[in-house]
Structure formats: structure tokens, C-alpha cells
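First comes the structure, then the notes that go with it.
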Amino acid sequence: ILIDAIVGRKLQPRFSIQSLARRGFLTDSADGLTVADAWVGASALEPTADRRAALHAQVATHLTARLLTLDDAGLYEPITRHLLAAGDSAGAVEHALQAATHLRREHATGRAVALLETVAEHCGMSAPLVSMLVRLDSELGEFDRALNRIEALDGEADCTLLVQRAELQANSGQLDATHSALSKLALSTELTPELAERVTTNQVSVLFQQGLLDEAQSACETALAGPLSAQAEFAVRNTLQKIAFRRGDWPLAESIATDLMTRFGRDDERMRATALHNLALVHIQTGRHGQAVAPLQEAVAVLESLADHFLVAVALHNLAIAYEYHQRYALAIPLLQRSVEVMEHLGRRFNLVGAVITLGDTYLTLGEHWRARKL
């Protein structure tokens, strides 16, 4: 009745609520306004299923108009739920994906997963829903759950999901399986140009992670010989920077990081943060610890604004190391503790070990042996 009065008849909410209260439909209590006992379950007031669905559709339409007027992405979630209740599956899926994107930016990834799972339960698990759920699961460190979602499609996974599965295998340390999967995908004729670039950038990254530096460098050079988007070119050149860093070629590593920041960092915050982080690592390795602090602080700020929790934790770890070299332990320890917490939450076991070791070493340096033993 309230929905019909407020949305359908275009009445003011305050007037409608007060009017219903005066007529005895609502009572005011410590819990707020509630339906009066005399009317609870009254058949005359209980809308039919069709009427209920129509009312939810009206509310969805009303909220959509507000969304367009106010540009408030927070409305995507309630619109999704009303569209679900209205039986509009296609609309619910479309708005759920938008809602999930917004919730992720607001650091509410778990809530986004719950919303998408609710939509999938009512509308079916479509490829776009699985793809977004896999992305969110990955950010939460739920790699096994993400892989299970793809496997549950039972051979119906599209190329996007197959690429995501390979990336998940890489994050889980299954480098040989990832290399094999990417090699097969590279031969596929169904890849879009964007997916083909993701396969290429993942291939060079996996070769680097496997320690095959010569093969990785050769693959990078081959990729750069062809047309690449700015994002893909950055990823490939960033791998070249890591190769130089791993080899201890500090001048080359610094040169590439500086070039990346100059060429790509002005237009893309994530690229700028990555280049700043890599440049700071070169400063640390070459004894310029003071010069590493500012770029790492900027990288952390940018990555936090992008809600990239894993890279934030990595940058915090390295910023703490830069502080340690100046015996600024009071600043370093909280950063290391936060890095450990995030790595543990995300399930990044390999990175977690490194963060715990660094924190433990810091405790030992300060003579706090009991804290180190606790770790």
C-alpha cells in the first residue's frame, strides 16, 4: 500500500505515512512504524503475487529514474533486488553486475559476492555472473572457490572464463598447468583481441615466475614487435623491468621503471602506482632507502583508492622495509602487521610467509623475542 501510494500515485512519503497512521493502518512504537495488529494478514490488504511483482517493478522504475538524476551508483543494489522480486531476470543480472562493481570500489567485496549469488540462485549461473564472481573471489583470495565456479559450468565456459582459470592457476602457484593452458588458448581462433593480449601478457609473466628469464625476455620482445594496447604494452615492459631487476641489472631496471612512469603513468593510476613501486624497489636495492619512501607512499595511496588490496599489502611491506633501513621501527611495524593481515585474509600464502618473516626479523631486532615466537 505504501509503495503504491508513494510511487504509483506520486504522493509525498511524509503525507502518505501520516495519512495511513491516522487511518489506523500503522502504529507508532519503540521499533518505529509497524503495521497495526488489526490489519496483519488481512486478506483485503495482502496483494496478489502479480500485484506484488508489479509494485516491485514500479519501485525499480522509480529508483532507476533517481539513479539517472543523482548518478548514485549505490542504487544499483536495491534496483537489483526489486527487479528480482518483479521477475525481471535480465534486468536483475544487468544491474547486479553494476552493483557488484560499485560495492567492490566501496570495499564491500563480500557483499557483492552475496548479491551475485542471490541473483544466480533465481536467474541461473550465466557466464557474465561467473566471470564477475571469479574476479571477486580472486580478490578475496578464494582461488579454490573461483576455480570450482568455472568447473561447475561443465565444459560450457567461454574463452573469458578459460583465461580467468589460467590466471587463477597462476595465482595458486600451478605454473606448469597455467603454461599449458595458456599455450592451448594462444592457438584458439575464438579469442577476442583483448583476450589474446591477456594470454600474451600472462604467458610472459608465467615464464618469468618459472625463472625462465631468457625465454621470458624473448617472449616479451616478440610481443612488443606486434601491435599492443597501452595496457598490454605496459604489462610486457613491466615484465622486462622485473627481469632486469632479477638479474641485478639496476641501471636497466631503473631506466625501464622511469620510462614506464613517464609514458604510461600520466593517464593511468594503476600503471603509475606499479611503476612507482618498482622504481622504489630499485632504490632500496641500491642503498637509496630515503628515495624509496615517497614513491612507495604515493603507490600505497593510489592502490588504496583503487581497492587493490593485494598490491596495497605488497607496497606496505616494502615501505616498511624502507623505514627499517632508517631505524624507524615505530612506523614499520604497523605497516608490516597490516600487510600480514591482508595477505592472510587473501590467502596469498607465499607472500604471507615473506611478510611474517620480515615482521619477525623486526621484532628480533628490537629484542621482542616473544612476539617473534608468537608469529
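Identifiers in this document derive from the order of the C-alpha cells: chains are assigned A, B, ..., residues are numbered from 1 separately in each chain, and ligands are numbered from 1 in order of occurrence.
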Inset, instruction - Select from range 137-368 of chain A everything DSSP, run on the backbone, classes as alpha helix (DSSP H), then give the selection as a ChimeraX atom specification. - result: /A:137-139,143-151,159-171,175-186,193-209,213-224,230-247,250-264,269-285,289-305,309-324,329-346,349-365
May I have a table of the residues of range 234-339 of chain A lying at most 10 Å from range 359-374 of chain A, giving each one's closest pair of atoms and their distance in Å to one decimal, counting only C-alpha atoms, ordered by chain and ascending residue number, as JSON lines?
```
{"residue": "A:His317", "atom": "CA", "partner": "A:Leu359", "partner_atom": "CA", "distance": 9.1}
{"residue": "A:Ala320", "atom": "CA", "partner": "A:Leu359", "partner_atom": "CA", "distance": 9.3}
{"residue": "A:Ile321", "atom": "CA", "partner": "A:Thr362", "partner_atom": "CA", "distance": 9.5}
{"residue": "A:Glu324", "atom": "CA", "partner": "A:Thr362", "partner_atom": "CA", "distance": 8.0}
{"residue": "A:Gln327", "atom": "CA", "partner": "A:Thr362", "partner_atom": "CA", "distance": 9.9}
{"residue": "A:Tyr329", "atom": "CA", "partner": "A:Thr362", "partner_atom": "CA", "distance": 7.6}
{"residue": "A:Ala332", "atom": "CA", "partner": "A:Thr362", "partner_atom": "CA", "distance": 8.6}
{"residue": "A:Ile333", "atom": "CA", "partner": "A:Leu359", "partner_atom": "CA", "distance": 6.9}
{"residue": "A:Pro334", "atom": "CA", "partner": "A:Leu359", "partner_atom": "CA", "distance": 9.5}
{"residue": "A:Leu335", "atom": "CA", "partner": "A:Leu359", "partner_atom": "CA", "distance": 9.4}
{"residue": "A:Leu336", "atom": "CA", "partner": "A:Leu359", "partner_atom": "CA", "distance": 5.9}
{"residue": "A:Gln337", "atom": "CA", "partner": "A:Leu359", "partner_atom": "CA", "distance": 7.2}
{"residue": "A:Ser339", "atom": "CA", "partner": "A:Leu359", "partner_atom": "CA", "distance": 9.5}
```
Legend entry - Distance query Ser131 in chain A at most 9 Å, only C-alpha atoms, self and fewer than 3 positions along chain excluded, as a PyMOL selection string: chain A and resi 126-128+134-136+150+160-161+164
Inset, instruction - For each of A:Thr101, A:Thr286, A:Thr200, A:Gln217, take the minimum atom-to-atom distance to Glu233 in chain A, counting only C-alpha atoms, then give the residue where this is smallest. - result: A:Thr200
Inset, instruction - In Å, rounded to a single decimal, give me how far CA of Glu106 in chain A is from CA of Asp88 in chain A. - result: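 Straight-line distance from CA of Asp88 in chain A to CA of Glu106 in chain A works out to 26.2 Å.
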Inset, instruction - Excluding Ala219 in chain A and any residue of its chain fewer than 5 positions from it, enumerate the residues within 9 Å of it, using only C-alpha atoms, and give them as a list in words. - result: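 Returned residues: Thr200, Gln203, Val204, Leu207, Asp214, Leu224 and Val236 of chain A.
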With N, CA, C and O atoms kept, could you save the residues just selected as a CSV table (one decimal), in the first residue's frame?
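File out03.csv, as written:
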```csv
chain,number,residue,atom,x,y,z
A,200,THR,N,48.8,-13.3,-23.9
A,200,THR,CA,50.2,-13.0,-24.2
A,200,THR,C,50.9,-12.5,-22.9
A,200,THR,O,52.0,-12.9,-22.6
A,203,GLN,N,51.4,-15.2,-20.4
A,203,GLN,CA,52.5,-16.1,-20.8
A,203,GLN,C,53.8,-15.6,-20.4
A,203,GLN,O,54.7,-16.3,-19.9
A,204,VAL,N,54.1,-14.3,-20.7
A,204,VAL,CA,55.4,-13.8,-20.4
A,204,VAL,C,55.6,-13.7,-18.9
A,204,VAL,O,56.7,-13.9,-18.3
A,207,LEU,N,56.4,-17.3,-17.5
A,207,LEU,CA,57.8,-17.7,-17.8
A,207,LEU,C,58.7,-17.0,-16.9
A,207,LEU,O,59.7,-17.6,-16.4
A,214,ASP,N,65.5,-16.0,-19.9
A,214,ASP,CA,65.9,-15.8,-21.3
A,214,ASP,C,64.6,-16.0,-22.1
A,214,ASP,O,64.3,-15.3,-23.1
A,224,LEU,N,56.3,-7.3,-28.2
A,224,LEU,CA,56.4,-5.9,-28.5
A,224,LEU,C,56.6,-5.6,-30.0
A,224,LEU,O,56.4,-4.5,-30.4
A,236,VAL,N,53.9,-6.0,-20.6
A,236,VAL,CA,55.0,-6.7,-21.2
A,236,VAL,C,56.3,-6.0,-20.7
A,236,VAL,O,57.3,-6.6,-20.3
```
Legend entry - Within 12 Å of Ile256 in chain A using only C-alpha atoms, minus same-chain residues under 2 positions, as number ranges by chain: A: 234-245, 249-254, 258-264, 274-276, 278-279, 282
Residues of the last selection are to be written out with N, CA and C atoms, as a PDB file, in the first residue's frame.
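Produced file out-v2.pdb, reproduced below:
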```pdb
ATOM      1  N   PHE A 234      52.294  -2.005 -21.455  1.00  0.00           N
ATOM      2  CA  PHE A 234      52.810  -1.732 -20.108  1.00  0.00           C
ATOM      3  C   PHE A 234      53.121  -3.037 -19.390  1.00  0.00           C
ATOM      4  N   ALA A 235      52.215  -4.012 -19.467  1.00  0.00           N
ATOM      5  CA  ALA A 235      52.407  -5.286 -18.774  1.00  0.00           C
ATOM      6  C   ALA A 235      53.663  -5.998 -19.269  1.00  0.00           C
ATOM      7  N   VAL A 236      53.878  -5.995 -20.590  1.00  0.00           N
ATOM      8  CA  VAL A 236      55.045  -6.679 -21.155  1.00  0.00           C
ATOM      9  C   VAL A 236      56.331  -5.959 -20.744  1.00  0.00           C
ATOM     10  N   ARG A 237      56.346  -4.622 -20.864  1.00  0.00           N
ATOM     11  CA  ARG A 237      57.542  -3.866 -20.485  1.00  0.00           C
ATOM     12  C   ARG A 237      57.794  -3.963 -18.972  1.00  0.00           C
ATOM     13  N   ASN A 238      56.726  -4.074 -18.206  1.00  0.00           N
ATOM     14  CA  ASN A 238      56.886  -4.242 -16.766  1.00  0.00           C
ATOM     15  C   ASN A 238      57.557  -5.581 -16.453  1.00  0.00           C
ATOM     16  N   THR A 239      57.240  -6.619 -17.238  1.00  0.00           N
ATOM     17  CA  THR A 239      57.912  -7.907 -17.066  1.00  0.00           C
ATOM     18  C   THR A 239      59.400  -7.775 -17.408  1.00  0.00           C
ATOM     19  N   LEU A 240      59.706  -7.009 -18.450  1.00  0.00           N
ATOM     20  CA  LEU A 240      61.121  -6.772 -18.787  1.00  0.00           C
ATOM     21  C   LEU A 240      61.833  -6.071 -17.628  1.00  0.00           C
ATOM     22  N   GLN A 241      61.136  -5.153 -16.961  1.00  0.00           N
ATOM     23  CA  GLN A 241      61.733  -4.472 -15.814  1.00  0.00           C
ATOM     24  C   GLN A 241      62.027  -5.462 -14.686  1.00  0.00           C
ATOM     25  N   LYS A 242      61.092  -6.399 -14.473  1.00  0.00           N
ATOM     26  CA  LYS A 242      61.289  -7.417 -13.434  1.00  0.00           C
ATOM     27  C   LYS A 242      62.458  -8.342 -13.774  1.00  0.00           C
ATOM     28  N   ILE A 243      62.611  -8.643 -15.071  1.00  0.00           N
ATOM     29  CA  ILE A 243      63.724  -9.495 -15.497  1.00  0.00           C
ATOM     30  C   ILE A 243      65.053  -8.808 -15.203  1.00  0.00           C
ATOM     31  N   ALA A 244      65.139  -7.512 -15.539  1.00  0.00           N
ATOM     32  CA  ALA A 244      66.365  -6.760 -15.256  1.00  0.00           C
ATOM     33  C   ALA A 244      66.624  -6.712 -13.751  1.00  0.00           C
ATOM     34  N   PHE A 245      65.560  -6.542 -12.973  1.00  0.00           N
ATOM     35  CA  PHE A 245      65.688  -6.496 -11.513  1.00  0.00           C
ATOM     36  C   PHE A 245      66.195  -7.837 -10.987  1.00  0.00           C
ATOM     37  N   ASP A 249      70.510  -6.076 -12.759  1.00  0.00           N
ATOM     38  CA  ASP A 249      70.917  -5.002 -13.673  1.00  0.00           C
ATOM     39  C   ASP A 249      70.167  -3.739 -13.244  1.00  0.00           C
ATOM     40  N   TRP A 250      70.656  -3.094 -12.174  1.00  0.00           N
ATOM     41  CA  TRP A 250      69.943  -1.980 -11.575  1.00  0.00           C
ATOM     42  C   TRP A 250      69.775  -0.786 -12.507  1.00  0.00           C
ATOM     43  N   PRO A 251      70.800  -0.385 -13.284  1.00  0.00           N
ATOM     44  CA  PRO A 251      70.591   0.748 -14.200  1.00  0.00           C
ATOM     45  C   PRO A 251      69.467   0.487 -15.203  1.00  0.00           C
ATOM     46  N   LEU A 252      69.426  -0.728 -15.776  1.00  0.00           N
ATOM     47  CA  LEU A 252      68.379  -1.046 -16.746  1.00  0.00           C
ATOM     48  C   LEU A 252      67.012  -1.099 -16.058  1.00  0.00           C
ATOM     49  N   ALA A 253      66.949  -1.715 -14.874  1.00  0.00           N
ATOM     50  CA  ALA A 253      65.684  -1.807 -14.144  1.00  0.00           C
ATOM     51  C   ALA A 253      65.150  -0.412 -13.812  1.00  0.00           C
ATOM     52  N   GLU A 254      66.044   0.479 -13.388  1.00  0.00           N
ATOM     53  CA  GLU A 254      65.620   1.848 -13.067  1.00  0.00           C
ATOM     54  C   GLU A 254      65.188   2.597 -14.314  1.00  0.00           C
ATOM     55  N   THR A 258      61.425   4.104 -14.837  1.00  0.00           N
ATOM     56  CA  THR A 258      61.253   5.538 -15.069  1.00  0.00           C
ATOM     57  C   THR A 258      60.520   5.796 -16.376  1.00  0.00           C
ATOM     58  N   ASP A 259      60.874   5.029 -17.409  1.00  0.00           N
ATOM     59  CA  ASP A 259      60.219   5.169 -18.714  1.00  0.00           C
ATOM     60  C   ASP A 259      58.734   4.802 -18.618  1.00  0.00           C
ATOM     61  N   LEU A 260      58.421   3.750 -17.877  1.00  0.00           N
ATOM     62  CA  LEU A 260      57.026   3.339 -17.709  1.00  0.00           C
ATOM     63  C   LEU A 260      56.219   4.423 -17.017  1.00  0.00           C
ATOM     64  N   MET A 261      56.808   5.031 -15.993  1.00  0.00           N
ATOM     65  CA  MET A 261      56.110   6.082 -15.261  1.00  0.00           C
ATOM     66  C   MET A 261      55.881   7.305 -16.142  1.00  0.00           C
ATOM     67  N   THR A 262      56.862   7.623 -16.962  1.00  0.00           N
ATOM     68  CA  THR A 262      56.756   8.793 -17.835  1.00  0.00           C
ATOM     69  C   THR A 262      55.751   8.561 -18.960  1.00  0.00           C
ATOM     70  N   ARG A 263      55.822   7.387 -19.576  1.00  0.00           N
ATOM     71  CA  ARG A 263      54.993   7.117 -20.752  1.00  0.00           C
ATOM     72  C   ARG A 263      53.554   6.743 -20.413  1.00  0.00           C
ATOM     73  N   PHE A 264      53.364   6.000 -19.326  1.00  0.00           N
ATOM     74  CA  PHE A 264      52.037   5.456 -19.037  1.00  0.00           C
ATOM     75  C   PHE A 264      51.416   6.004 -17.751  1.00  0.00           C
ATOM     76  N   THR A 274      52.226   1.079 -10.113  1.00  0.00           N
ATOM     77  CA  THR A 274      53.115  -0.060 -10.363  1.00  0.00           C
ATOM     78  C   THR A 274      54.531   0.411 -10.676  1.00  0.00           C
ATOM     79  N   ALA A 275      54.636   1.423 -11.550  1.00  0.00           N
ATOM     80  CA  ALA A 275      55.959   1.940 -11.921  1.00  0.00           C
ATOM     81  C   ALA A 275      56.662   2.572 -10.716  1.00  0.00           C
ATOM     82  N   LEU A 276      55.911   3.322  -9.899  1.00  0.00           N
ATOM     83  CA  LEU A 276      56.480   3.939  -8.700  1.00  0.00           C
ATOM     84  C   LEU A 276      57.000   2.872  -7.741  1.00  0.00           C
ATOM     85  N   ASN A 278      57.955  -0.223  -8.443  1.00  0.00           N
ATOM     86  CA  ASN A 278      59.144  -0.884  -8.986  1.00  0.00           C
ATOM     87  C   ASN A 278      60.375   0.014  -8.910  1.00  0.00           C
ATOM     88  N   LEU A 279      60.185   1.302  -9.143  1.00  0.00           N
ATOM     89  CA  LEU A 279      61.298   2.248  -9.041  1.00  0.00           C
ATOM     90  C   LEU A 279      61.815   2.312  -7.600  1.00  0.00           C
ATOM     91  N   VAL A 282      64.096  -0.552  -6.745  1.00  0.00           N
ATOM     92  CA  VAL A 282      65.455  -0.356  -7.250  1.00  0.00           C
ATOM     93  C   VAL A 282      66.230   0.548  -6.285  1.00  0.00           C
TER      94      VAL A 282
END
```
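With only C-alpha atoms as the atoms that count, the residue of A:Val353, A:Ala49, A:Val199, A:Cys159 with the shortest distance to Ala85 in chain A is A:Ala49.
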Inset, instruction - Would you kindly return, as a VMD selection string, each protein, DNA or RNA residue with an atom no farther than 10 Å from any atom of Ser180 in chain A, considering only C-alpha atoms and excluding same-chain residues fewer than 4 positions away? - result: chain A and resid 166 175 to 176 184 to 185 203
Legend entry - Surrounding residues of range 302-313 of chain A excluding itself and chain neighbours under 4 positions, 9 Å, only C-alpha atoms, as number ranges by chain: A: 104-107, 139-140, 269-270, 272-274, 297-298, 317-318, 335-336, 338-343, 346, 348
Dump as a compact mmCIF listing (two decimals), in the first residue's frame, selection limited to N, CA, C and O atoms:
```txt
# COMPACT_ATOMS: atom_id res chain seq x y z
N ARG A 104 32.49 -3.31 -4.91
CA ARG A 104 33.93 -3.60 -4.89
C ARG A 104 34.73 -2.32 -4.64
O ARG A 104 35.67 -2.32 -3.86
N ARG A 105 34.34 -1.26 -5.29
CA ARG A 105 35.04 0.02 -5.10
C ARG A 105 34.86 0.54 -3.67
O ARG A 105 35.70 1.28 -3.17
N GLU A 106 33.74 0.17 -3.06
CA GLU A 106 33.45 0.62 -1.70
C GLU A 106 34.00 -0.35 -0.66
O GLU A 106 33.59 -0.31 0.50
N HIS A 107 34.88 -1.26 -1.08
CA HIS A 107 35.50 -2.24 -0.18
C HIS A 107 34.46 -3.18 0.45
O HIS A 107 34.62 -3.62 1.59
N GLU A 139 40.01 -11.67 -5.65
CA GLU A 139 40.43 -10.56 -4.81
C GLU A 139 40.32 -10.91 -3.32
O GLU A 139 41.05 -10.36 -2.49
N LEU A 140 39.41 -11.83 -3.00
CA LEU A 140 39.25 -12.26 -1.61
C LEU A 140 40.20 -13.40 -1.26
O LEU A 140 40.21 -13.87 -0.12
N GLU A 269 46.26 5.50 -13.32
CA GLU A 269 46.76 5.50 -11.94
C GLU A 269 47.38 4.16 -11.54
O GLU A 269 48.38 4.12 -10.84
N ARG A 270 46.78 3.06 -12.00
CA ARG A 270 47.32 1.75 -11.64
C ARG A 270 48.71 1.56 -12.22
O ARG A 270 49.62 1.06 -11.55
N ARG A 272 50.78 3.95 -12.98
CA ARG A 272 51.69 4.85 -12.26
C ARG A 272 52.11 4.23 -10.93
O ARG A 272 53.30 4.26 -10.57
N ALA A 273 51.15 3.66 -10.20
CA ALA A 273 51.46 3.05 -8.92
C ALA A 273 52.43 1.89 -9.08
O ALA A 273 53.37 1.73 -8.28
N THR A 274 52.23 1.08 -10.11
CA THR A 274 53.12 -0.06 -10.36
C THR A 274 54.53 0.41 -10.68
O THR A 274 55.51 -0.12 -10.15
N GLN A 297 54.94 5.61 -0.72
CA GLN A 297 53.79 6.24 -0.08
C GLN A 297 52.74 6.62 -1.12
O GLN A 297 51.54 6.41 -0.92
N GLU A 298 53.19 7.17 -2.24
CA GLU A 298 52.25 7.53 -3.31
C GLU A 298 51.60 6.29 -3.91
O GLU A 298 50.39 6.28 -4.19
N HIS A 317 54.43 -3.59 2.69
CA HIS A 317 55.56 -4.41 3.12
C HIS A 317 56.88 -3.74 2.72
O HIS A 317 57.80 -3.61 3.54
N ASN A 318 56.95 -3.31 1.49
CA ASN A 318 58.20 -2.70 1.01
C ASN A 318 58.44 -1.32 1.60
O ASN A 318 59.59 -0.93 1.84
N LEU A 335 52.79 -1.16 9.57
CA LEU A 335 52.64 -1.47 8.15
C LEU A 335 52.82 -2.96 7.90
O LEU A 335 52.08 -3.58 7.13
N LEU A 336 53.81 -3.56 8.56
CA LEU A 336 54.04 -5.00 8.41
C LEU A 336 52.88 -5.81 8.99
O LEU A 336 52.45 -6.81 8.40
N ARG A 338 49.78 -4.88 9.20
CA ARG A 338 48.65 -4.76 8.26
C ARG A 338 48.88 -5.61 7.03
O ARG A 338 47.95 -6.26 6.52
N SER A 339 50.11 -5.63 6.53
CA SER A 339 50.43 -6.46 5.37
C SER A 339 50.19 -7.93 5.65
O SER A 339 49.61 -8.65 4.84
N VAL A 340 50.60 -8.38 6.83
CA VAL A 340 50.38 -9.78 7.23
C VAL A 340 48.89 -10.10 7.28
O VAL A 340 48.43 -11.13 6.78
N GLU A 341 48.11 -9.20 7.88
CA GLU A 341 46.66 -9.41 8.00
C GLU A 341 46.00 -9.53 6.63
O GLU A 341 45.16 -10.42 6.41
N VAL A 342 46.37 -8.65 5.70
CA VAL A 342 45.77 -8.67 4.37
C VAL A 342 46.16 -9.93 3.61
O VAL A 342 45.32 -10.60 3.00
N MET A 343 47.45 -10.28 3.65
CA MET A 343 47.92 -11.48 2.95
C MET A 343 47.23 -12.73 3.50
O MET A 343 46.86 -13.64 2.74
N LEU A 346 43.61 -12.76 2.27
CA LEU A 346 43.51 -13.05 0.83
C LEU A 346 43.98 -14.45 0.47
O LEU A 346 43.81 -14.88 -0.66
N ARG A 348 47.06 -15.43 0.26
CA ARG A 348 48.31 -15.36 -0.51
C ARG A 348 49.44 -15.93 0.34
O ARG A 348 50.23 -15.20 0.95
```
Inset, instruction - Take CA of Thr358 in chain A and CA of Leu319 in chain A and report the distance between them in Å, one decimal. - result: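 It comes out at 11.8 Å.
Distances here use only C-alpha atoms; by that measure, the residue among A:Val163, A:Ala223, A:Ala57, A:Leu191 closest to Thr178 in chain A is A:Val163.
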Legend entry - Shortest interatomic distance to Glu94 in chain A - which of A:Leu129, A:Ala54, A:Arg198, A:Ala112, counting only C-alpha atoms: A:Leu129
